[in-house]
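Student: Just one file: structure-v8.cif, with mmCIF, C-alpha atoms and all ligand atoms.
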data_query
#
loop_
_atom_site.label_atom_id
_atom_site.label_comp_id
_atom_site.auth_asym_id
_atom_site.auth_seq_id
_atom_site.Cartn_x
_atom_site.Cartn_y
_atom_site.Cartn_z
CA MET A 1 83.65 53.20 70.25
CA PRO A 2 81.28 53.51 67.26
CA TRP A 3 81.48 49.80 66.37
CA THR A 4 80.12 48.86 69.80
CA LEU A 5 77.70 51.76 70.05
CA HIS A 6 76.22 50.99 66.63
CA ARG A 7 75.50 47.38 67.65
CA HIS A 8 74.48 47.82 71.27
CA VAL A 9 71.37 45.96 72.44
CA LEU A 10 70.40 48.87 74.69
CA TYR A 11 70.03 51.20 71.73
CA TRP A 12 68.99 49.13 68.71
CA ASP A 13 66.21 46.72 67.87
CA LYS A 14 67.87 43.56 66.41
CA PRO A 15 71.31 45.20 66.43
CA ARG A 16 73.00 42.50 64.34
CA HIS A 17 70.42 42.50 61.56
CA PHE A 18 70.98 44.37 58.30
CA MET A 19 67.97 46.71 58.37
CA PRO A 20 68.65 49.80 56.27
CA GLU A 21 65.04 50.85 56.84
CA ARG A 22 66.12 51.95 60.34
CA PHE A 23 67.47 55.05 58.65
CA LEU A 24 64.38 56.02 56.65
CA PRO A 25 63.31 59.63 57.29
CA GLU A 26 60.19 58.51 59.18
CA HIS A 27 62.36 56.57 61.68
CA ARG A 28 65.01 59.23 62.21
CA ASP A 29 63.51 60.55 65.44
CA ARG A 30 64.10 57.12 67.06
CA ILE A 31 67.87 57.51 66.65
CA GLY A 32 69.55 59.72 69.24
CA ARG A 33 72.22 62.20 68.11
CA PHE A 34 74.92 60.35 70.08
CA GLN A 35 73.69 56.84 69.25
CA TYR A 36 74.89 56.75 65.64
CA LEU A 37 78.22 58.47 64.99
CA PRO A 38 79.68 57.56 61.60
CA PHE A 39 81.05 61.09 61.28
CA GLY A 40 81.74 61.69 64.96
CA ALA A 41 80.11 64.49 66.94
CA GLY A 42 80.98 67.63 68.82
CA PRO A 43 83.60 70.25 67.99
CA ARG A 44 85.71 67.86 65.86
CA VAL A 45 82.82 66.40 63.86
CA CYS A 46 83.70 65.48 60.27
CA ILE A 47 83.57 68.55 58.05
CA GLY A 48 83.12 66.36 54.95
CA ALA A 49 79.99 64.49 56.13
CA THR A 50 77.49 66.15 53.79
CA PHE A 51 79.86 65.91 50.84
CA ALA A 52 80.70 62.27 51.63
CA LEU A 53 77.02 61.28 51.76
CA GLN A 54 76.25 63.01 48.47
CA GLU A 55 79.33 61.52 46.81
CA ALA A 56 78.44 58.01 47.99
CA VAL A 57 74.87 58.26 46.70
CA ILE A 58 76.02 59.60 43.32
CA ALA A 59 78.78 56.99 42.94
CA LEU A 60 76.42 54.15 43.89
CA ALA A 61 73.65 55.43 41.59
CA VAL A 62 76.04 55.61 38.62
CA LEU A 63 77.52 52.16 39.29
CA MET A 64 74.21 50.41 40.02
CA LYS A 65 72.60 51.89 36.91
CA ARG A 66 75.36 50.56 34.65
CA PHE A 67 76.36 47.32 36.35
CA ARG A 68 74.92 44.45 38.32
CA PHE A 69 76.93 43.12 41.28
CA ASP A 70 76.35 39.53 42.39
CA VAL A 71 78.22 38.19 45.40
CA LEU A 72 79.76 34.82 44.57
CA ALA A 73 78.24 31.78 46.30
CA GLY A 74 80.04 30.84 49.50
CA GLU A 75 81.42 34.33 50.18
CA ARG A 76 81.38 35.11 53.89
CA PRO A 77 82.50 38.70 54.39
CA TRP A 78 84.24 39.43 57.67
CA PRO A 79 84.44 43.01 58.96
CA VAL A 80 87.74 44.52 60.01
CA GLN A 81 88.37 47.95 61.46
CA ARG A 82 90.95 49.93 59.51
CA LEU A 83 90.46 53.63 58.89
CA THR A 84 86.91 52.59 58.07
CA THR A 85 85.13 49.25 58.57
CA GLN A 86 85.97 47.04 55.59
CA PRO A 87 85.51 43.42 54.53
CA LEU A 88 88.67 41.43 55.21
CA ASN A 89 90.11 40.46 51.77
CA GLY A 90 87.22 42.23 50.02
CA ILE A 91 84.07 40.53 48.73
CA ALA A 92 84.33 38.50 45.52
CA MET A 93 81.55 39.49 43.10
CA ARG A 94 80.56 38.89 39.52
CA VAL A 95 80.10 42.23 37.78
CA SER A 96 78.02 42.35 34.63
CA ALA A 97 77.04 45.31 32.46
CA ARG A 98 73.35 46.13 32.44
CA PRO A 99 71.75 46.50 29.03
CA VAL A 100 71.70 50.16 27.95
C1 LIG B 1 82.21 58.22 54.38
C2 LIG B 1 83.18 59.13 54.48
C3 LIG B 1 83.69 59.73 55.77
C4 LIG B 1 83.59 59.27 57.05
C5 LIG B 1 82.91 57.98 57.55
C6 LIG B 1 84.25 60.23 57.90
C7 LIG B 1 84.36 60.12 59.27
C8 LIG B 1 85.03 61.03 60.08
C9 LIG B 1 85.18 60.92 61.50
C10 LIG B 1 84.62 59.77 62.37
C11 LIG B 1 85.87 61.97 61.93
C12 LIG B 1 86.28 62.28 63.40
C13 LIG B 1 85.16 63.06 64.07
C14 LIG B 1 85.41 63.22 65.57
O1 LIG B 1 86.56 63.30 66.00
O2 LIG B 1 84.41 63.25 66.33
C15 LIG B 1 86.19 62.80 60.78
C16 LIG B 1 86.90 63.97 60.82
C17 LIG B 1 87.22 64.71 59.71
N1 LIG B 1 86.81 64.49 58.42
FE1 LIG B 1 85.74 62.92 57.77
N2 LIG B 1 84.73 61.26 57.12
C18 LIG B 1 84.40 60.99 55.82
C19 LIG B 1 84.65 61.78 54.71
C20 LIG B 1 85.31 62.99 54.75
C21 LIG B 1 85.52 63.86 53.59
C22 LIG B 1 85.01 63.55 52.17
C23 LIG B 1 86.24 64.93 54.03
C24 LIG B 1 86.73 66.13 53.28
C25 LIG B 1 86.21 66.53 52.10
C26 LIG B 1 86.46 64.75 55.45
C27 LIG B 1 87.14 65.62 56.25
C28 LIG B 1 87.33 65.47 57.61
C29 LIG B 1 88.13 66.39 58.42
C30 LIG B 1 88.91 67.62 57.93
C31 LIG B 1 88.05 65.92 59.74
C32 LIG B 1 88.71 66.53 60.99
C33 LIG B 1 87.76 67.54 61.61
C34 LIG B 1 88.41 68.15 62.88
O3 LIG B 1 89.19 67.46 63.54
O4 LIG B 1 88.11 69.31 63.17
N3 LIG B 1 85.88 63.56 55.85
N4 LIG B 1 85.67 62.19 59.67
#
Please re-express this file's structure in structure tokens.
Tutor:
Amino acid sequence: MPWTLHRHVLYWDKPRHFMPERFLPEHRDRIGRFQYLPFGAGPRVCIGATFALQEAVIALAVLMKRFRFDVLAGERPWPVQRLTTQPLNGIAMRVSARPV
């Protein structure tokens, strides 16, 4: 189960901390191929993985360049497993346009 695997104390340092730097290129060799499986693995691995990663980076870059997203005070996102992991009832944010 990826949710459990991705938070397992046997495999991750501070598994419940948000540490995106775990995934920096210089740390990649610390992450085993079957330790982190957002796109699955083996013969049925996701065929859209490379496209999905490129699309996400492009979409985020466009949005973050044009807008600022501030989470409203008091928001406490709670993860739920649907097709993907999502915040239950979303996350309320204030969106403001960045100056051009
Ligand atoms: C962030 C986005 C995505 C995530 C997290 C994701 C994740 C996954 C996962 C976990 C699987 C199952 C792998 C397994 O059984 O081991 C899968 C399969 C698949 N994905 Fe994705 N996927 C994403 C985007 C996409 C996109 C953009 C496409 C198509 C353009 C795509 C096409 C497929 C297909 C066709 C399969 C079935 C492969 C097979 O059974 O042979 N996915 N995906």
Student: Choose the residue, out of A:Gly32, A:Pro77, A:Pro87, A:Pro2, that has the smallest atom-to-atom separation from ligand LIG 1 (chain B); count all atoms listed in the file.
Tutor: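 When distances to ligand LIG 1 (chain B) are compared using all atoms listed in the file, the smallest one comes from A:Pro2.
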Student: What are the centre and edge lengths in Å, to one decimal, of the axis-aligned box around all listed atoms of ligand LIG 1 (chain B) with 6 Å added on each side, as AutoDock Vina command-line options?
Tutor:
--center_x 85.7 --center_y 63.6 --center_z 59.2 --size_x 19.0 --size_y 23.3 --size_z 26.2
Student: Around ligand LIG 1 (chain B), at most 8 Å away and counting only C-alpha atoms and all ligand atoms, which residues are there? Put them as a ChimeraX atom specification, please.
Tutor: /A:37-49,51-53,56,84
Student: Which protein, DNA or RNA residues have an atom at most 12 Å from (84.3, 50.1, 69.9), counting only C-alpha atoms? List them as a PyMOL selection string.
Tutor: chain A and resi 1-8+37+80-81+85
Student: So how many Å separate atom CA of A:Arg98 and atom CA of A:Asp70, to one decimal?
Tutor: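 Value for the atom CA of A:Arg98-atom CA of A:Asp70 distance: 12.3 Å.
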Student: Please indicate the distance in Å from atom CA of A:Pro99 to atom CA of A:Arg66, rounded to one decimal place.
Tutor: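 Distance between the two atoms: 7.8 Å.
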Student: What does the distance between atom CA of A:Glu75 and atom CA of A:Lys14 come to in Å, to one decimal place?
Tutor: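 A separation of 23.1 Å between them.
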Student: Write out as a list in words the residues lying within 12 Å of A:Lys65, counting only C-alpha atoms and excluding same-chain residues fewer than 3 positions away.
Tutor: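 Selected residues are Val57, Ile58, Ala59, Leu60, Ala61, Val62, Arg68, Phe69, Ser96, Ala97, Arg98, Pro99 and Val100 of chain A.
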Student: Which residues are close to A:Arg30, i.e. within 12 Å by only C-alpha atoms, leaving aside same-chain residues fewer than 5 positions away? Reply as a ChimeraX atom specification.
Tutor: /A:11-13,22-25,35-36
Student: Point out the residue among A:Pro20, A:Asn89, A:Phe34, A:Gln54 with the least atom-to-atom distance to A:Arg76, counting only C-alpha atoms.
Tutor: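 When distances to A:Arg76 are compared using only C-alpha atoms, the smallest one comes from A:Asn89.
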Student: Kindly add N, CA and C atoms to the incomplete stretch 75-88 of chain A and provide the output as an mmCIF file, keeping the file's coordinate frame.
Tutor:
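Here's the written file selection.cif:
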data_model
loop_
_atom_site.group_PDB
_atom_site.id
_atom_site.type_symbol
_atom_site.label_atom_id
_atom_site.label_comp_id
_atom_site.auth_asym_id
_atom_site.auth_seq_id
_atom_site.Cartn_x
_atom_site.Cartn_y
_atom_site.Cartn_z
ATOM 1 N N GLU A 75 80.677 33.207 49.599
ATOM 2 C CA GLU A 75 81.420 34.330 50.180
ATOM 3 C C GLU A 75 80.891 34.622 51.582
ATOM 4 N N ARG A 76 81.783 34.764 52.519
ATOM 5 C CA ARG A 76 81.380 35.110 53.890
ATOM 6 C C ARG A 76 82.207 36.303 54.343
ATOM 7 N N PRO A 77 81.732 37.515 54.037
ATOM 8 C CA PRO A 77 82.500 38.700 54.390
ATOM 9 C C PRO A 77 82.732 38.801 55.890
ATOM 10 N N TRP A 78 83.928 39.262 56.265
ATOM 11 C CA TRP A 78 84.240 39.430 57.670
ATOM 12 C C TRP A 78 84.730 40.858 57.894
ATOM 13 N N PRO A 79 84.075 41.602 58.809
ATOM 14 C CA PRO A 79 84.440 43.010 58.960
ATOM 15 C C PRO A 79 85.736 43.209 59.731
ATOM 16 N N VAL A 80 86.545 44.127 59.264
ATOM 17 C CA VAL A 80 87.740 44.520 60.010
ATOM 18 C C VAL A 80 87.763 46.040 60.117
ATOM 19 N N GLN A 81 88.310 46.512 61.223
ATOM 20 C CA GLN A 81 88.370 47.950 61.460
ATOM 21 C C GLN A 81 89.728 48.458 60.994
ATOM 22 N N ARG A 82 89.724 49.236 59.919
ATOM 23 C CA ARG A 82 90.950 49.930 59.510
ATOM 24 C C ARG A 82 90.633 51.411 59.706
ATOM 25 N N LEU A 83 90.915 52.247 58.724
ATOM 26 C CA LEU A 83 90.460 53.630 58.890
ATOM 27 C C LEU A 83 88.929 53.654 58.909
ATOM 28 N N THR A 84 88.353 52.800 58.049
ATOM 29 C CA THR A 84 86.910 52.590 58.070
ATOM 30 C C THR A 84 86.676 51.083 58.260
ATOM 31 N N THR A 85 85.442 50.678 58.478
ATOM 32 C CA THR A 85 85.130 49.250 58.570
ATOM 33 C C THR A 85 85.105 48.682 57.157
ATOM 34 N N GLN A 86 85.845 47.599 56.941
ATOM 35 C CA GLN A 86 85.970 47.040 55.590
ATOM 36 C C GLN A 86 85.875 45.520 55.664
ATOM 37 N N PRO A 87 85.496 44.886 54.545
ATOM 38 C CA PRO A 87 85.510 43.420 54.530
ATOM 39 C C PRO A 87 86.950 42.923 54.390
ATOM 40 N N LEU A 88 87.340 42.023 55.286
ATOM 41 C CA LEU A 88 88.670 41.430 55.210
ATOM 42 C C LEU A 88 88.820 40.724 53.849
#
